[in-house]
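Visitor: Sharing a structure here in structure tokens format.
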Amino acid sequence: MNWNHCSRVALLAALLVVATAAPVAAVSVSADDAPTEAQVGSTVDVTYTFTELYTDYDTWTLQGQTDLSQVTWTVTTFDQTGAKIAQENYNNQSFGHQLAAADDVNKVTVRLQATVPQVTSWSYESPQTFRLAAFTQAQEGGASTMLKSYDVRPYTPASQEARTAIDDAQQAIDDAAATGADVSGAESDLQDAIDFYNNANFEQAVENADEAASKANDAASSAQQTDLLIKVGIGVVVLLLIGGGIYWYLQQRTTYDKLG
């Protein structure tokens with residue numbers, strides 16, 4: 001056996017290992033209206049669609065979980081023609097619904113209606129998220145594969161105002177720093193704003209963020225004025241040098257003419 005043949009054998013063996021690795025679920029999950037953020041206390045209403053149901057198994061259980069409260073899952077199954085077969089509701093934070101190819105189920109929709117709960121811990125830099133919905137493909141005996149997971153960032157009007165103010169202040173600081181301005185004072189106020197946000201003191205967070213933005217803008221303006229003065233000063237010096245050179249030239253020329 002030559003080395004080229006050994007290499008081909010090794011490559012085929014490696015491909016076989018990859019091919020026989022744990023299968024990735026091929027069930028297709030989509031939800032065009034799934035939000036990435038939602039107001040605390042509001043009702044989220046999202047519909048998820050599942051197709052390509054039997055790529056891996058002819059019979060399996062669709063499981064869903066959510067961190068939201070006051071939950072209603074509405075599971076609807078459809079046949080090959082798109083006609084509805086059955087509909088069932090579940091009212092817990094998790095559910096399990098068995099699917100079987102023998103029942104002619106070709107598509108499933110899961111409508112989630114639930115309330116966004118209160119936030120117990122706020123964080124600006126690492127925003128808290130709730131699990132909006134997570135779906136798994138489960139087999140009898142306990143084996144399961146994650147199909148898809150969706151998260152949502154909760155907010156209140158006050159927290160959103162504070163977050164926007166902090167974002168704007170950070171942008172103002174970045175812009176000012178790009179001009180070479182000293183933004184240390186603005187950065188200190190910004191950090192205070194973030195600390196107040198993390199303690200759910202959103203009103204004070206807005207005040208400090210606005211102060212940070214104001215200082216950053218003032219620093220940028222001052223830096224621009226200084227830069228302009230420097231450029232004007234350089235321009236004046238250049239003009240003086242040019243003027244002096246012209247004067248010297250004319251003086252030299254006049255002296256030459258007199259000698260001639």
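Labeling convention for the structure tokens: chains A, B, ... as they appear, residues from 1 per chain, ligands from 1 in order of appearance.
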Once DSSP has gone over the backbone, tell me which residues of stretch 6-147 of chain A are in alpha helix (DSSP H), as a PDB file with all heavy atoms, in the first residue's frame.

Guide:
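out11.pdb was written with the following content:
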ATOM      1  N   CYS A   6      -2.838   5.349   1.332  1.00  0.00           N
ATOM      2  CA  CYS A   6      -3.067   5.514   2.781  1.00  0.00           C
ATOM      3  C   CYS A   6      -3.750   6.827   3.076  1.00  0.00           C
ATOM      4  O   CYS A   6      -4.641   6.925   3.925  1.00  0.00           O
ATOM      5  CB  CYS A   6      -1.730   5.438   3.532  1.00  0.00           C
ATOM      6  SG  CYS A   6      -0.991   3.787   3.535  1.00  0.00           S
ATOM      7  N   SER A   7      -3.322   7.865   2.356  1.00  0.00           N
ATOM      8  CA  SER A   7      -3.924   9.188   2.577  1.00  0.00           C
ATOM      9  C   SER A   7      -5.394   9.172   2.211  1.00  0.00           C
ATOM     10  O   SER A   7      -6.240   9.748   2.904  1.00  0.00           O
ATOM     11  CB  SER A   7      -3.184  10.247   1.748  1.00  0.00           C
ATOM     12  OG  SER A   7      -1.839  10.328   2.163  1.00  0.00           O
ATOM     13  N   ARG A   8      -5.722   8.490   1.100  1.00  0.00           N
ATOM     14  CA  ARG A   8      -7.136   8.424   0.687  1.00  0.00           C
ATOM     15  C   ARG A   8      -7.961   7.654   1.708  1.00  0.00           C
ATOM     16  O   ARG A   8      -9.095   8.014   2.023  1.00  0.00           O
ATOM     17  CB  ARG A   8      -7.226   7.762  -0.691  1.00  0.00           C
ATOM     18  CG  ARG A   8      -6.749   8.663  -1.836  1.00  0.00           C
ATOM     19  CD  ARG A   8      -7.204   8.117  -3.185  1.00  0.00           C
ATOM     20  NE  ARG A   8      -6.574   6.837  -3.500  1.00  0.00           N
ATOM     21  CZ  ARG A   8      -5.424   6.711  -4.158  1.00  0.00           C
ATOM     22  NH1 ARG A   8      -4.768   7.798  -4.548  1.00  0.00           N
ATOM     23  NH2 ARG A   8      -4.932   5.520  -4.420  1.00  0.00           N
ATOM     24  N   VAL A   9      -7.393   6.594   2.227  1.00  0.00           N
ATOM     25  CA  VAL A   9      -8.099   5.805   3.241  1.00  0.00           C
ATOM     26  C   VAL A   9      -8.353   6.640   4.485  1.00  0.00           C
ATOM     27  O   VAL A   9      -9.448   6.627   5.062  1.00  0.00           O
ATOM     28  CB  VAL A   9      -7.290   4.535   3.597  1.00  0.00           C
ATOM     29  CG1 VAL A   9      -7.908   3.839   4.807  1.00  0.00           C
ATOM     30  CG2 VAL A   9      -7.249   3.588   2.404  1.00  0.00           C
ATOM     31  N   ALA A  10      -7.332   7.411   4.910  1.00  0.00           N
ATOM     32  CA  ALA A  10      -7.472   8.264   6.095  1.00  0.00           C
ATOM     33  C   ALA A  10      -8.538   9.320   5.876  1.00  0.00           C
ATOM     34  O   ALA A  10      -9.339   9.634   6.769  1.00  0.00           O
ATOM     35  CB  ALA A  10      -6.128   8.913   6.430  1.00  0.00           C
ATOM     36  N   LEU A  11      -8.554   9.905   4.649  1.00  0.00           N
ATOM     37  CA  LEU A  11      -9.549  10.932   4.342  1.00  0.00           C
ATOM     38  C   LEU A  11     -10.952  10.355   4.368  1.00  0.00           C
ATOM     39  O   LEU A  11     -11.886  10.940   4.928  1.00  0.00           O
ATOM     40  CB  LEU A  11      -9.251  11.537   2.970  1.00  0.00           C
ATOM     41  CG  LEU A  11     -10.250  12.591   2.465  1.00  0.00           C
ATOM     42  CD1 LEU A  11     -10.312  13.763   3.445  1.00  0.00           C
ATOM     43  CD2 LEU A  11      -9.875  13.071   1.081  1.00  0.00           C
ATOM     44  N   LEU A  12     -11.119   9.162   3.782  1.00  0.00           N
ATOM     45  CA  LEU A  12     -12.433   8.521   3.790  1.00  0.00           C
ATOM     46  C   LEU A  12     -12.883   8.195   5.201  1.00  0.00           C
ATOM     47  O   LEU A  12     -14.070   8.329   5.547  1.00  0.00           O
ATOM     48  CB  LEU A  12     -12.390   7.245   2.934  1.00  0.00           C
ATOM     49  CG  LEU A  12     -12.286   7.455   1.416  1.00  0.00           C
ATOM     50  CD1 LEU A  12     -12.068   6.124   0.701  1.00  0.00           C
ATOM     51  CD2 LEU A  12     -13.532   8.148   0.890  1.00  0.00           C
ATOM     52  N   ALA A  13     -11.937   7.781   6.044  1.00  0.00           N
ATOM     53  CA  ALA A  13     -12.275   7.469   7.433  1.00  0.00           C
ATOM     54  C   ALA A  13     -12.730   8.714   8.168  1.00  0.00           C
ATOM     55  O   ALA A  13     -13.690   8.687   8.946  1.00  0.00           O
ATOM     56  CB  ALA A  13     -11.063   6.842   8.133  1.00  0.00           C
ATOM     57  N   ALA A  14     -12.039   9.836   7.912  1.00  0.00           N
ATOM     58  CA  ALA A  14     -12.412  11.087   8.566  1.00  0.00           C
ATOM     59  C   ALA A  14     -13.791  11.535   8.130  1.00  0.00           C
ATOM     60  O   ALA A  14     -14.608  11.993   8.941  1.00  0.00           O
ATOM     61  CB  ALA A  14     -11.374  12.165   8.241  1.00  0.00           C
ATOM     62  N   LEU A  15     -14.076  11.410   6.821  1.00  0.00           N
ATOM     63  CA  LEU A  15     -15.396  11.782   6.328  1.00  0.00           C
ATOM     64  C   LEU A  15     -16.474  10.899   6.923  1.00  0.00           C
ATOM     65  O   LEU A  15     -17.588  11.351   7.209  1.00  0.00           O
ATOM     66  CB  LEU A  15     -15.420  11.686   4.801  1.00  0.00           C
ATOM     67  CG  LEU A  15     -14.565  12.711   4.052  1.00  0.00           C
ATOM     68  CD1 LEU A  15     -14.565  12.416   2.551  1.00  0.00           C
ATOM     69  CD2 LEU A  15     -15.084  14.122   4.316  1.00  0.00           C
ATOM     70  N   LEU A  16     -16.151   9.599   7.122  1.00  0.00           N
ATOM     71  CA  LEU A  16     -17.116   8.681   7.723  1.00  0.00           C
ATOM     72  C   LEU A  16     -17.434   9.072   9.150  1.00  0.00           C
ATOM     73  O   LEU A  16     -18.586   9.020   9.588  1.00  0.00           O
ATOM     74  CB  LEU A  16     -16.563   7.258   7.667  1.00  0.00           C
ATOM     75  CG  LEU A  16     -17.486   6.156   8.233  1.00  0.00           C
ATOM     76  CD1 LEU A  16     -18.794   6.108   7.443  1.00  0.00           C
ATOM     77  CD2 LEU A  16     -16.792   4.803   8.197  1.00  0.00           C
ATOM     78  N   VAL A  17     -16.400   9.530   9.892  1.00  0.00           N
ATOM     79  CA  VAL A  17     -16.618   9.973  11.277  1.00  0.00           C
ATOM     80  C   VAL A  17     -17.550  11.170  11.299  1.00  0.00           C
ATOM     81  O   VAL A  17     -18.483  11.258  12.101  1.00  0.00           O
ATOM     82  CB  VAL A  17     -15.275  10.317  11.944  1.00  0.00           C
ATOM     83  CG1 VAL A  17     -15.519  11.023  13.271  1.00  0.00           C
ATOM     84  CG2 VAL A  17     -14.456   9.061  12.158  1.00  0.00           C
ATOM     85  N   VAL A  18     -17.298  12.132  10.391  1.00  0.00           N
ATOM     86  CA  VAL A  18     -18.159  13.320  10.329  1.00  0.00           C
ATOM     87  C   VAL A  18     -19.576  12.937   9.973  1.00  0.00           C
ATOM     88  O   VAL A  18     -20.552  13.422  10.542  1.00  0.00           O
ATOM     89  CB  VAL A  18     -17.595  14.335   9.297  1.00  0.00           C
ATOM     90  CG1 VAL A  18     -18.574  15.481   9.103  1.00  0.00           C
ATOM     91  CG2 VAL A  18     -16.245  14.848   9.757  1.00  0.00           C
ATOM     92  N   ALA A  19     -19.711  12.009   9.012  1.00  0.00           N
ATOM     93  CA  ALA A  19     -21.040  11.619   8.552  1.00  0.00           C
ATOM     94  C   ALA A  19     -21.830  10.893   9.620  1.00  0.00           C
ATOM     95  O   ALA A  19     -23.064  10.948   9.655  1.00  0.00           O
ATOM     96  CB  ALA A  19     -20.910  10.739   7.303  1.00  0.00           C
TER      97      ALA A  19
END

Visitor: Taking only stretch 52-218 of chain A into account, list the residues labelled strand (DSSP E or B) by DSSP (computed from the backbone), as number ranges by chain.

Guide: A: 59-65, 69-78, 84-90, 94-100, 107-115, 130-138, 144-155

Visitor: Let me make sure I understand: among A:Ala165, A:Leu68, A:Leu53, A:Ala176, which one has the smallest atom-to-atom distance to A:Ser28 if we use only C-alpha atoms?

Guide: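 Among the listed residues, A:Leu53 lies closest to A:Ser28.
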
Visitor: Determine the nearest neighbour of A:Ser121 from the options A:Ala138, A:Ala200, A:Val71, A:Leu62, counting only C-alpha atoms.

Guide: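 Among A:Ala138, A:Ala200, A:Val71, A:Leu62, it is A:Ala200 that comes nearest to A:Ser121.
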
Visitor: For A:Tyr155, work out the shell of residues within 7 Å, counting only C-alpha atoms and skipping chain neighbours fewer than 4 positions away, then give it as a PDB file with N, CA and C atoms, in the first residue's frame.

Guide:
ATOM      1  N   ALA A  38     -39.236  43.718  24.290  1.00  0.00           N
ATOM      2  CA  ALA A  38     -40.654  43.880  24.593  1.00  0.00           C
ATOM      3  C   ALA A  38     -40.808  44.571  25.938  1.00  0.00           C
ATOM      4  N   GLN A  39     -41.855  45.367  26.056  1.00  0.00           N
ATOM      5  CA  GLN A  39     -42.088  46.127  27.287  1.00  0.00           C
ATOM      6  C   GLN A  39     -42.606  45.230  28.396  1.00  0.00           C
ATOM      7  N   VAL A  40     -42.093  45.450  29.593  1.00  0.00           N
ATOM      8  CA  VAL A  40     -42.541  44.702  30.768  1.00  0.00           C
ATOM      9  C   VAL A  40     -44.046  44.900  30.954  1.00  0.00           C
ATOM     10  N   SER A 159     -36.589  52.743  31.577  1.00  0.00           N
ATOM     11  CA  SER A 159     -35.313  52.081  31.294  1.00  0.00           C
ATOM     12  C   SER A 159     -34.883  52.329  29.847  1.00  0.00           C
ATOM     13  N   GLN A 160     -35.862  52.367  28.937  1.00  0.00           N
ATOM     14  CA  GLN A 160     -35.527  52.595  27.533  1.00  0.00           C
ATOM     15  C   GLN A 160     -35.026  54.028  27.331  1.00  0.00           C
TER      16      GLN A 160
END

Visitor: Given only C-alpha atoms as the basis, pick out the residue of A:Glu52, A:Glu37, A:Glu203, A:Asp104 nearest to A:Ala162.

Guide: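 Closest residue, counting only C-alpha atoms: A:Glu203.
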
Visitor: Residues at most 8 Å from A:Val29, counting only C-alpha atoms, excluding those fewer than 2 positions away in the same chain, as a list in words?

Guide: Val27, Ala31, Tyr48, Thr49, Phe50, Thr51, Leu147 and Lys148 of chain A
